[in-house]
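What follows is a set of notes on a single structure, which appears directly below.
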Amino acid sequence: METYFYCQHCDHKITIEQLALLSEGKCPECHTIEGFSTVPKDENDSFENVTVLNDTEFLE
Ligand SMILES: [Zn+2]
């Protein structure tokens, strides 16, 4: 099973081997240095939405 990393700017998917070869951690797709996560950007966004639903508004 392969571990993938996702650019936090453009969601470009790379392997851990590609991550190790990146120059200065720059995304090969969009050339930003926002970094990579094992969680896709889209899933981070939906997780934040779930957290917001637990706010006081939810109790009213
Ligand atoms: Zn990118």
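Identifiers in this document derive from the order of the structure tokens: chains are assigned A, B, ..., residues are numbered from 1 separately in each chain, and ligands are numbered from 1 in order of occurrence.
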Residues of chain A that have any atom at most 7 Å from an atom of ligand 1: could you tabulate them with the shortest-distance atom pair and the distance in Å to one decimal, using only C-alpha atoms and all ligand atoms, ordered by chain and increasing number, as JSON lines?
```
{"residue": "A:Cys7", "atom": "CA", "partner": "ligand 1", "partner_atom_place_in_ligand_line": "1 (Zn)", "distance": 4.6}
{"residue": "A:Gln8", "atom": "CA", "partner": "ligand 1", "partner_atom_place_in_ligand_line": "1 (Zn)", "distance": 6.6}
{"residue": "A:His9", "atom": "CA", "partner": "ligand 1", "partner_atom_place_in_ligand_line": "1 (Zn)", "distance": 4.9}
{"residue": "A:Cys10", "atom": "CA", "partner": "ligand 1", "partner_atom_place_in_ligand_line": "1 (Zn)", "distance": 4.1}
{"residue": "A:Asp11", "atom": "CA", "partner": "ligand 1", "partner_atom_place_in_ligand_line": "1 (Zn)", "distance": 5.9}
{"residue": "A:His12", "atom": "CA", "partner": "ligand 1", "partner_atom_place_in_ligand_line": "1 (Zn)", "distance": 5.3}
{"residue": "A:Cys27", "atom": "CA", "partner": "ligand 1", "partner_atom_place_in_ligand_line": "1 (Zn)", "distance": 4.6}
{"residue": "A:Pro28", "atom": "CA", "partner": "ligand 1", "partner_atom_place_in_ligand_line": "1 (Zn)", "distance": 6.7}
{"residue": "A:Glu29", "atom": "CA", "partner": "ligand 1", "partner_atom_place_in_ligand_line": "1 (Zn)", "distance": 5.0}
{"residue": "A:Cys30", "atom": "CA", "partner": "ligand 1", "partner_atom_place_in_ligand_line": "1 (Zn)", "distance": 4.2}
{"residue": "A:His31", "atom": "CA", "partner": "ligand 1", "partner_atom_place_in_ligand_line": "1 (Zn)", "distance": 6.1}
{"residue": "A:Thr32", "atom": "CA", "partner": "ligand 1", "partner_atom_place_in_ligand_line": "1 (Zn)", "distance": 6.1}
```
(request) Have a look at CA of Asp42 (chain A) and CA of Thr3 (chain A) and let me know their distance in Å, one decimal. (result) 17.3 Å
(request) Just the residues within 12 Å of Glu2 (chain A), please, counting only C-alpha atoms, with nothing from its chain fewer than 6 positions along; format it as an MDAnalysis selection string. (result) chainID A and resid 13:17 38
Just to be explicit: take each residue in the selection above, keep N, CA, C and O atoms, and write the result as an mmCIF file, in the first residue's frame.
```
data_model
loop_
_atom_site.group_PDB
_atom_site.id
_atom_site.type_symbol
_atom_site.label_atom_id
_atom_site.label_comp_id
_atom_site.auth_asym_id
_atom_site.auth_seq_id
_atom_site.Cartn_x
_atom_site.Cartn_y
_atom_site.Cartn_z
ATOM 1 N N LYS A 13 -1.452 15.240 -6.237
ATOM 2 C CA LYS A 13 -1.073 14.055 -5.463
ATOM 3 C C LYS A 13 0.309 13.559 -5.870
ATOM 4 O O LYS A 13 0.579 13.395 -7.051
ATOM 5 N N ILE A 14 1.185 13.332 -4.884
ATOM 6 C CA ILE A 14 2.512 12.784 -5.165
ATOM 7 C C ILE A 14 2.789 11.621 -4.214
ATOM 8 O O ILE A 14 2.167 11.500 -3.160
ATOM 9 N N THR A 15 3.741 10.803 -4.593
ATOM 10 C CA THR A 15 4.160 9.705 -3.729
ATOM 11 C C THR A 15 5.233 10.195 -2.764
ATOM 12 O O THR A 15 5.803 11.275 -2.938
ATOM 13 N N ILE A 16 5.536 9.376 -1.749
ATOM 14 C CA ILE A 16 6.565 9.769 -0.767
ATOM 15 C C ILE A 16 7.932 9.862 -1.434
ATOM 16 O O ILE A 16 8.766 10.681 -1.048
ATOM 17 N N GLU A 17 8.176 9.054 -2.481
ATOM 18 C CA GLU A 17 9.432 9.143 -3.226
ATOM 19 C C GLU A 17 9.548 10.494 -3.933
ATOM 20 O O GLU A 17 10.600 11.127 -3.934
ATOM 21 N N THR A 38 -1.063 14.317 4.171
ATOM 22 C CA THR A 38 -1.587 13.002 3.778
ATOM 23 C C THR A 38 -3.100 13.060 3.570
ATOM 24 O O THR A 38 -3.693 12.116 3.080
#
```
(message) Between CA of Val39 (chain A) and CA of Ser23 (chain A), what is the distance in Å, rounded to a tenth?
(response)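 Distance between the two atoms: 21.4 Å.
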(request) Could you please determine the separation between CA of Phe36 (chain A) and CA of Ala20 (chain A) in Å, to one decimal place? (result) 11.4 Å
